[in-house]
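> The following block contains the structure, expressed as C-alpha cells.
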Amino acid sequence: MTQGADGSPGRRTVLGAAVLGTAALGLGSTAARADERDSGHGSYRDLPSPTVIAHRGASGYRPEHTLGSYQLALDMGAHVIEQDLVPTKDGHLVCRHENDITGTTDVAAHPEFASRKTTRSIDGVSLTGWFTEDFTLAELKTLRAKERIPANRQENTLYDGRWAIPTFEEVLRWAEKEGHRRGRPVWLHVETKHPTYFRGLGLGLEERLARLLRRYGRDRRNSPVFLQSFEPSSIQRLAGLVDSPRVVLLSAANTRPWDFVQAGDPRTVADLVKPEGLKWIASYAQGIGPTLDLIIPKDANGKLGTQTTLVRDAHAEGLILHPYTMRNENTFLPADFRRGTDPNAYGDAFGAFKVYFETGIDGIFTDNSDTGLLAAADFRG
C-alpha cells in the first residue's frame, strides 16, 4: 500500500460530498420529485454547474463499471454516472470500458474459457485477450470484475471478485429504483464503444441502446441521460432514433475518429474543434467531451500551458463541454499539481480542478466524485 488510510474516502468526506451533491440538486423540493420516466423533470442545462460526472462510477475507490462503483458514486453525490457499453455474442449490452475483458475480469482464471483467448484488431490496434463478443451473457455472468490498474490503485483490489459484469438494463433498473427512492432522477452518461467495429460484426449498438432507452423512458429531449461516442456517426445514428441529449467525445488533436478512418474522411480532431467543426457537431449533438488537453495543453514537462479558445468557441455554438478525466493520483495530474515522489499518492487535485473550472467548462469527468464535488462547491463559493 502506498497511500495508506488516506487513499480511501473517509466517512466524513463521503458524507460531506453527498450532502453537497444533495444540496446542489435540491433534494427534498417538490419540483425535484418528478417521476424518472416523466420527461418533464427538467433539462440537462438544469444540472449543477460545474457538473460532476462519475467516470465509470467511483472508479478511484471501486473496480470500474460495477454496481458497487456506480452506487458509491451516487451515494457520494455525483450528478451523473457514466457507463460504457459493449455487446455480448447474443446481443446484450454490458458495461465495460472495453470489449477486451482480460484486465477487468477474472476470465484468465477460468480454464473453461482458455480457448477463447484470441487476437483481434480493434479500431486498428492489435489486442490479444478475451472479448465480450465471444461470450454469451450467461457465460459473462460467471465472471467477476476486478481492478483494472492495481499498481496504481492497490486498495481497490480488496473488492476484486465482489461484483459481476452488469448489463445496461440492470443499470437502468438500478437507476430507476434509486431515482424513486431519492425523489429525483439518476442521470446517466452512456458511451457506445467501438460502434463501427461492432456494426461490422452484426452487433450494432445504437438500435439496441435506443430500444432500452425507449423501454425505460429515457428517449426524450429532457430525459436524464447523455449519449456519447468518439465516433460522430454513432451520435448521428442515435439522433435519428431518440431525442436524448448527445455528446461527441474528442480525443487528441492529431487523431481521427475511427469511423472517419473507415469512411475516408480526412478530418482530424483538430478540424472538429475549429469553429466550422463545432458548428457541424452542433447540428446533431448538444455537447462535446474533449480530452482536458484540448482545453489547456501541456508542455513537454507535463505542465499546463495556455488555455485554447475551445470553451468559448463551443459555447458560441450552443454546445456544453464535459471534458475528461480528473484523477487524484500524481501520475494522472498535470506536473504543476503533483506532490512528492510517489506517483500513486494523491497530489493537489483541488488545485487542478480549480484551474479547469476557471476555463468555463460545464462539467468534468472524474474518478473521485467526492473530490470533484468539494472542488465544485469551492468554485461556486
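So you can find residues: chains in the C-alpha cells are A, B, ... in the order shown, residues in each start at 1, and ligands are numbered from 1 in order.
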Show which residues sit within 6 Å of Val269 of chain A, as an NGL selection string. Count only C-alpha atoms, and ignore same-chain residues fewer than 4 positions away.

:A and (253 or 255-256)

> For the residues in that selection, give me all heavy atoms as a PDB file, in the first residue's frame.


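Full text of selection_22.pdb as output:
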```pdb
ATOM      1  N   ALA A 253      -5.718  15.965 -30.512  1.00  0.00           N
ATOM      2  CA  ALA A 253      -5.937  16.807 -31.691  1.00  0.00           C
ATOM      3  C   ALA A 253      -5.486  16.145 -32.989  1.00  0.00           C
ATOM      4  O   ALA A 253      -6.101  16.341 -34.045  1.00  0.00           O
ATOM      5  CB  ALA A 253      -5.222  18.144 -31.508  1.00  0.00           C
ATOM      6  N   THR A 255      -5.540  13.005 -33.808  1.00  0.00           N
ATOM      7  CA  THR A 255      -6.185  11.717 -34.080  1.00  0.00           C
ATOM      8  C   THR A 255      -7.402  11.902 -34.973  1.00  0.00           C
ATOM      9  O   THR A 255      -7.927  13.014 -35.120  1.00  0.00           O
ATOM     10  CB  THR A 255      -6.616  11.029 -32.775  1.00  0.00           C
ATOM     11  OG1 THR A 255      -7.625  11.824 -32.114  1.00  0.00           O
ATOM     12  CG2 THR A 255      -5.426  10.837 -31.848  1.00  0.00           C
ATOM     13  N   ARG A 256      -7.853  10.774 -35.558  1.00  0.00           N
ATOM     14  CA  ARG A 256      -9.075  10.768 -36.364  1.00  0.00           C
ATOM     15  C   ARG A 256     -10.047   9.761 -35.778  1.00  0.00           C
ATOM     16  O   ARG A 256      -9.637   8.640 -35.415  1.00  0.00           O
ATOM     17  CB  ARG A 256      -8.766  10.375 -37.817  1.00  0.00           C
ATOM     18  CG  ARG A 256      -7.965  11.394 -38.586  1.00  0.00           C
ATOM     19  CD  ARG A 256      -7.431  10.784 -39.872  1.00  0.00           C
ATOM     20  NE  ARG A 256      -8.486  10.439 -40.826  1.00  0.00           N
ATOM     21  CZ  ARG A 256      -8.342   9.582 -41.823  1.00  0.00           C
ATOM     22  NH1 ARG A 256      -7.189   8.932 -41.978  1.00  0.00           N
ATOM     23  NH2 ARG A 256      -9.324   9.338 -42.659  1.00  0.00           N
TER      24      ARG A 256
END
```

> For the contact check between segment 185-290 of chain A and segment 92-113 of chain A, emit one row per residue of segment 185-290 of chain A within 10 Å, containing the shortest atom pair and the distance in Å rounded to one decimal, counting only C-alpha atoms, chain then rising number order, as a tab-separated table.


```
residue	atom	partner	partner_atom	distance
A:Val190	CA	A:Cys95	CA	9.4
A:Glu191	CA	A:His97	CA	9.0
A:Thr192	CA	A:His97	CA	9.7
A:Lys193	CA	A:Glu98	CA	7.1
A:His194	CA	A:Glu98	CA	8.6
A:Phe198	CA	A:Asn99	CA	9.9
A:Leu203	CA	A:His92	CA	9.2
A:Leu205	CA	A:Leu93	CA	7.8
A:Arg208	CA	A:Leu93	CA	7.5
A:Leu209	CA	A:Leu93	CA	7.6
A:Leu212	CA	A:Leu93	CA	9.5
```

> Quick one: residues within 10 Å of Gly124 of chain A, only C-alpha atoms, excluding same-chain residues fewer than 3 positions away - as a list in words?

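So, after excluding close chain neighbours, the residues are Arg120, Ser121, Leu127, Tyr197, Trp258 and Val261 of chain A.
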
> With C-alpha atoms kept, could you save the residues just selected as an mmCIF file, in the first residue's frame?


```
data_model
loop_
_atom_site.group_PDB
_atom_site.id
_atom_site.type_symbol
_atom_site.label_atom_id
_atom_site.label_comp_id
_atom_site.auth_asym_id
_atom_site.auth_seq_id
_atom_site.Cartn_x
_atom_site.Cartn_y
_atom_site.Cartn_z
ATOM 1 C CA ARG A 120 -8.320 -9.041 -32.635
ATOM 2 C CA SER A 121 -7.804 -5.757 -34.448
ATOM 3 C CA LEU A 127 -5.047 -6.830 -28.992
ATOM 4 C CA TYR A 197 -16.304 -2.351 -35.305
ATOM 5 C CA TRP A 258 -12.321 5.519 -36.373
ATOM 6 C CA VAL A 261 -10.807 6.436 -40.985
#
```

> Within 10 Å of segment 77-80 of chain A, which residues of segment 329-366 of chain A come that close, and what is the closest atom pair and distance in Å for each? Count only C-alpha atoms and give it as CSV.


```
residue,atom,partner,partner_atom,distance
A:Gly363,CA,A:His79,CA,9.7
A:Phe365,CA,A:Val80,CA,9.2
A:Thr366,CA,A:Ala78,CA,9.6
```

> Using the selection just defined, write its residues with N, CA and C atoms as an mmCIF file, in the first residue's frame.


```cif
data_model
loop_
_atom_site.group_PDB
_atom_site.id
_atom_site.type_symbol
_atom_site.label_atom_id
_atom_site.label_comp_id
_atom_site.auth_asym_id
_atom_site.auth_seq_id
_atom_site.Cartn_x
_atom_site.Cartn_y
_atom_site.Cartn_z
ATOM 1 N N GLY A 363 -18.863 20.900 -17.071
ATOM 2 C CA GLY A 363 -18.770 19.741 -16.191
ATOM 3 C C GLY A 363 -17.454 19.045 -16.425
ATOM 4 N N PHE A 365 -15.482 14.906 -16.054
ATOM 5 C CA PHE A 365 -15.428 13.512 -15.641
ATOM 6 C C PHE A 365 -14.330 13.360 -14.591
ATOM 7 N N THR A 366 -14.618 12.607 -13.545
ATOM 8 C CA THR A 366 -13.618 12.363 -12.517
ATOM 9 C C THR A 366 -13.797 10.968 -11.934
#
```

> Apply DSSP to the backbone of this structure and, from segment 239-337 of chain A, keep only the residues in helix (DSSP H, G or I); write these as number ranges by chain.

A: 239, 258-263, 269-272, 275-282, 292-294, 310-316, 330-332, 335-337

> Quick one: residues within 8 Å of segment 42-50 of chain A, only C-alpha atoms, excluding same-chain residues fewer than 5 positions away - as a PDB file with all heavy atoms, in the first residue's frame?


```pdb
ATOM      1  N   ALA A  24     -26.984  20.590  -3.990  1.00  0.00           N
ATOM      2  CA  ALA A  24     -26.884  21.148  -5.337  1.00  0.00           C
ATOM      3  C   ALA A  24     -28.047  20.730  -6.208  1.00  0.00           C
ATOM      4  O   ALA A  24     -28.484  21.467  -7.085  1.00  0.00           O
ATOM      5  CB  ALA A  24     -25.572  20.704  -5.982  1.00  0.00           C
ATOM      6  N   LEU A  25     -28.579  19.533  -5.959  1.00  0.00           N
ATOM      7  CA  LEU A  25     -29.679  19.045  -6.788  1.00  0.00           C
ATOM      8  C   LEU A  25     -31.036  19.386  -6.209  1.00  0.00           C
ATOM      9  O   LEU A  25     -32.066  19.033  -6.769  1.00  0.00           O
ATOM     10  CB  LEU A  25     -29.551  17.523  -6.964  1.00  0.00           C
ATOM     11  CG  LEU A  25     -28.418  17.117  -7.904  1.00  0.00           C
ATOM     12  CD1 LEU A  25     -28.145  15.633  -7.780  1.00  0.00           C
ATOM     13  CD2 LEU A  25     -28.775  17.466  -9.326  1.00  0.00           C
ATOM     14  N   HIS A  79     -23.356  14.000  -9.771  1.00  0.00           N
ATOM     15  CA  HIS A  79     -24.527  14.478 -10.503  1.00  0.00           C
ATOM     16  C   HIS A  79     -24.931  13.548 -11.631  1.00  0.00           C
ATOM     17  O   HIS A  79     -26.102  13.461 -11.982  1.00  0.00           O
ATOM     18  CB  HIS A  79     -24.241  15.873 -11.080  1.00  0.00           C
ATOM     19  CG  HIS A  79     -23.799  16.871 -10.064  1.00  0.00           C
ATOM     20  ND1 HIS A  79     -22.750  17.738 -10.269  1.00  0.00           N
ATOM     21  CD2 HIS A  79     -24.259  17.132  -8.816  1.00  0.00           C
ATOM     22  CE1 HIS A  79     -22.589  18.497  -9.203  1.00  0.00           C
ATOM     23  NE2 HIS A  79     -23.475  18.148  -8.304  1.00  0.00           N
ATOM     24  N   ARG A 221     -36.208  14.395 -25.107  1.00  0.00           N
ATOM     25  CA  ARG A 221     -35.315  15.556 -25.112  1.00  0.00           C
ATOM     26  C   ARG A 221     -34.838  15.924 -23.713  1.00  0.00           C
ATOM     27  O   ARG A 221     -33.694  16.344 -23.530  1.00  0.00           O
ATOM     28  CB  ARG A 221     -36.038  16.744 -25.757  1.00  0.00           C
ATOM     29  CG  ARG A 221     -35.218  18.025 -25.830  1.00  0.00           C
ATOM     30  CD  ARG A 221     -35.960  19.066 -26.647  1.00  0.00           C
ATOM     31  NE  ARG A 221     -37.282  19.324 -26.085  1.00  0.00           N
ATOM     32  CZ  ARG A 221     -37.533  20.229 -25.140  1.00  0.00           C
ATOM     33  NH1 ARG A 221     -36.534  20.950 -24.638  1.00  0.00           N
ATOM     34  NH2 ARG A 221     -38.753  20.413 -24.694  1.00  0.00           N
ATOM     35  N   ASN A 222     -35.703  15.776 -22.724  1.00  0.00           N
ATOM     36  CA  ASN A 222     -35.350  16.124 -21.356  1.00  0.00           C
ATOM     37  C   ASN A 222     -35.109  14.892 -20.488  1.00  0.00           C
ATOM     38  O   ASN A 222     -35.159  14.980 -19.256  1.00  0.00           O
ATOM     39  CB  ASN A 222     -36.445  16.987 -20.722  1.00  0.00           C
ATOM     40  CG  ASN A 222     -36.454  18.388 -21.298  1.00  0.00           C
ATOM     41  OD1 ASN A 222     -35.427  18.872 -21.778  1.00  0.00           O
ATOM     42  ND2 ASN A 222     -37.599  19.042 -21.285  1.00  0.00           N
ATOM     43  N   SER A 223     -34.863  13.748 -21.102  1.00  0.00           N
ATOM     44  CA  SER A 223     -34.589  12.544 -20.322  1.00  0.00           C
ATOM     45  C   SER A 223     -33.260  12.663 -19.584  1.00  0.00           C
ATOM     46  O   SER A 223     -32.320  13.290 -20.094  1.00  0.00           O
ATOM     47  CB  SER A 223     -34.566  11.314 -21.231  1.00  0.00           C
ATOM     48  OG  SER A 223     -35.854  11.029 -21.739  1.00  0.00           O
ATOM     49  N   PRO A 224     -33.140  12.045 -18.408  1.00  0.00           N
ATOM     50  CA  PRO A 224     -31.916  12.180 -17.602  1.00  0.00           C
ATOM     51  C   PRO A 224     -30.795  11.257 -18.076  1.00  0.00           C
ATOM     52  O   PRO A 224     -30.357  10.361 -17.370  1.00  0.00           O
ATOM     53  CB  PRO A 224     -32.404  11.811 -16.194  1.00  0.00           C
ATOM     54  CG  PRO A 224     -33.506  10.831 -16.432  1.00  0.00           C
ATOM     55  CD  PRO A 224     -34.202  11.296 -17.695  1.00  0.00           C
ATOM     56  N   PRO A 245     -30.286  13.835 -24.985  1.00  0.00           N
ATOM     57  CA  PRO A 245     -29.118  14.696 -25.212  1.00  0.00           C
ATOM     58  C   PRO A 245     -27.902  13.886 -25.648  1.00  0.00           C
ATOM     59  O   PRO A 245     -27.661  12.786 -25.150  1.00  0.00           O
ATOM     60  CB  PRO A 245     -28.891  15.345 -23.839  1.00  0.00           C
ATOM     61  CG  PRO A 245     -30.211  15.268 -23.148  1.00  0.00           C
ATOM     62  CD  PRO A 245     -30.851  14.012 -23.635  1.00  0.00           C
ATOM     63  N   PHE A 357     -11.934  24.383 -13.829  1.00  0.00           N
ATOM     64  CA  PHE A 357     -13.249  25.027 -13.684  1.00  0.00           C
ATOM     65  C   PHE A 357     -13.196  26.483 -14.151  1.00  0.00           C
ATOM     66  O   PHE A 357     -14.162  27.011 -14.721  1.00  0.00           O
ATOM     67  CB  PHE A 357     -13.724  24.973 -12.232  1.00  0.00           C
ATOM     68  CG  PHE A 357     -14.175  23.608 -11.776  1.00  0.00           C
ATOM     69  CD1 PHE A 357     -14.132  23.268 -10.430  1.00  0.00           C
ATOM     70  CD2 PHE A 357     -14.640  22.663 -12.680  1.00  0.00           C
ATOM     71  CE1 PHE A 357     -14.551  22.013  -9.997  1.00  0.00           C
ATOM     72  CE2 PHE A 357     -15.060  21.405 -12.262  1.00  0.00           C
ATOM     73  CZ  PHE A 357     -15.016  21.081 -10.915  1.00  0.00           C
ATOM     74  N   ILE A 361     -15.682  25.452 -18.365  1.00  0.00           N
ATOM     75  CA  ILE A 361     -16.304  24.184 -18.743  1.00  0.00           C
ATOM     76  C   ILE A 361     -17.597  23.986 -17.948  1.00  0.00           C
ATOM     77  O   ILE A 361     -17.768  24.521 -16.861  1.00  0.00           O
ATOM     78  CB  ILE A 361     -15.348  23.000 -18.522  1.00  0.00           C
ATOM     79  CG1 ILE A 361     -14.915  22.917 -17.047  1.00  0.00           C
ATOM     80  CG2 ILE A 361     -14.148  23.100 -19.444  1.00  0.00           C
ATOM     81  CD1 ILE A 361     -14.053  21.716 -16.710  1.00  0.00           C
ATOM     82  N   ASP A 362     -18.504  23.189 -18.523  1.00  0.00           N
ATOM     83  CA  ASP A 362     -19.809  22.971 -17.895  1.00  0.00           C
ATOM     84  C   ASP A 362     -19.803  21.806 -16.917  1.00  0.00           C
ATOM     85  O   ASP A 362     -20.679  21.713 -16.046  1.00  0.00           O
ATOM     86  CB  ASP A 362     -20.862  22.723 -18.979  1.00  0.00           C
ATOM     87  CG  ASP A 362     -20.935  23.875 -19.951  1.00  0.00           C
ATOM     88  OD1 ASP A 362     -21.578  24.894 -19.605  1.00  0.00           O
ATOM     89  OD2 ASP A 362     -20.331  23.790 -21.031  1.00  0.00           O
ATOM     90  N   GLY A 363     -18.863  20.900 -17.071  1.00  0.00           N
ATOM     91  CA  GLY A 363     -18.770  19.741 -16.191  1.00  0.00           C
ATOM     92  C   GLY A 363     -17.454  19.045 -16.425  1.00  0.00           C
ATOM     93  O   GLY A 363     -16.648  19.458 -17.279  1.00  0.00           O
ATOM     94  N   ILE A 364     -17.233  17.965 -15.667  1.00  0.00           N
ATOM     95  CA  ILE A 364     -15.964  17.250 -15.808  1.00  0.00           C
ATOM     96  C   ILE A 364     -16.143  15.806 -15.357  1.00  0.00           C
ATOM     97  O   ILE A 364     -16.889  15.514 -14.427  1.00  0.00           O
ATOM     98  CB  ILE A 364     -14.859  17.947 -14.983  1.00  0.00           C
ATOM     99  CG1 ILE A 364     -13.459  17.481 -15.405  1.00  0.00           C
ATOM    100  CG2 ILE A 364     -15.091  17.761 -13.487  1.00  0.00           C
ATOM    101  CD1 ILE A 364     -12.336  18.372 -14.884  1.00  0.00           C
ATOM    102  N   ALA A 376     -16.017  21.640  -6.768  1.00  0.00           N
ATOM    103  CA  ALA A 376     -17.064  22.423  -7.426  1.00  0.00           C
ATOM    104  C   ALA A 376     -17.739  23.359  -6.438  1.00  0.00           C
ATOM    105  O   ALA A 376     -18.063  24.502  -6.776  1.00  0.00           O
ATOM    106  CB  ALA A 376     -18.091  21.478  -8.063  1.00  0.00           C
TER     107      ALA A 376
END
```

> Excluding Asn301 of chain A and residues on its chain fewer than 6 positions from it, collect all residues at most 10 Å away from it, counting only C-alpha atoms, and give them as JSON, numbers by chain.

{"A": [334, 335, 336]}

> Got time to write the residues from that selection, N, CA, C and O atoms, as a short mmCIF file (atom, residue, chain, number, x, y, z; two decimals), in the first residue's frame?


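Full text of part-v4.cif as output:
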```
data_model
loop_
_atom_site.label_atom_id
_atom_site.label_comp_id
_atom_site.auth_asym_id
_atom_site.auth_seq_id
_atom_site.Cartn_x
_atom_site.Cartn_y
_atom_site.Cartn_z
N PRO A 334 -1.60 17.02 -13.95
CA PRO A 334 -0.57 17.85 -14.58
C PRO A 334 0.60 18.01 -13.62
O PRO A 334 0.42 18.01 -12.39
N ALA A 335 1.80 18.15 -14.17
CA ALA A 335 3.01 18.21 -13.33
C ALA A 335 2.94 19.33 -12.30
O ALA A 335 3.52 19.21 -11.21
N ASP A 336 2.23 20.41 -12.61
CA ASP A 336 2.11 21.54 -11.70
C ASP A 336 1.51 21.15 -10.35
O ASP A 336 1.74 21.82 -9.34
#
```

> Would you list the contacts of segment 140-157 of chain A as JSON, numbers by chain, taking every protein, DNA or RNA residue within 9 Å and counting only C-alpha atoms, but skipping same-chain residues closer than 4 positions in sequence?

{"A": [1, 2, 3, 4, 7, 8, 59, 60, 61, 62, 63, 64, 65, 66, 88, 103, 104, 105, 106, 107, 110, 132, 135, 136, 161, 162, 163, 164, 165, 166, 329, 331, 343, 344, 345]}

> What's the separation between atom CA of Leu158 of chain A and atom CA of Gly347 of chain A, in Å to one decimal place?

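Straight-line distance from atom CA of Leu158 of chain A to atom CA of Gly347 of chain A works out to 22.7 Å.
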
> Take atom CA of Val125 of chain A and atom CA of Arg199 of chain A and report the distance between them in Å, one decimal.

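Computing it gives 17.2 Å between the two atoms.
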
> Have a look at atom CA of Asp265 of chain A and atom CA of Gly289 of chain A and let me know their distance in Å, one decimal.

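Going from atom CA of Asp265 of chain A over to atom CA of Gly289 of chain A covers 20.5 Å.
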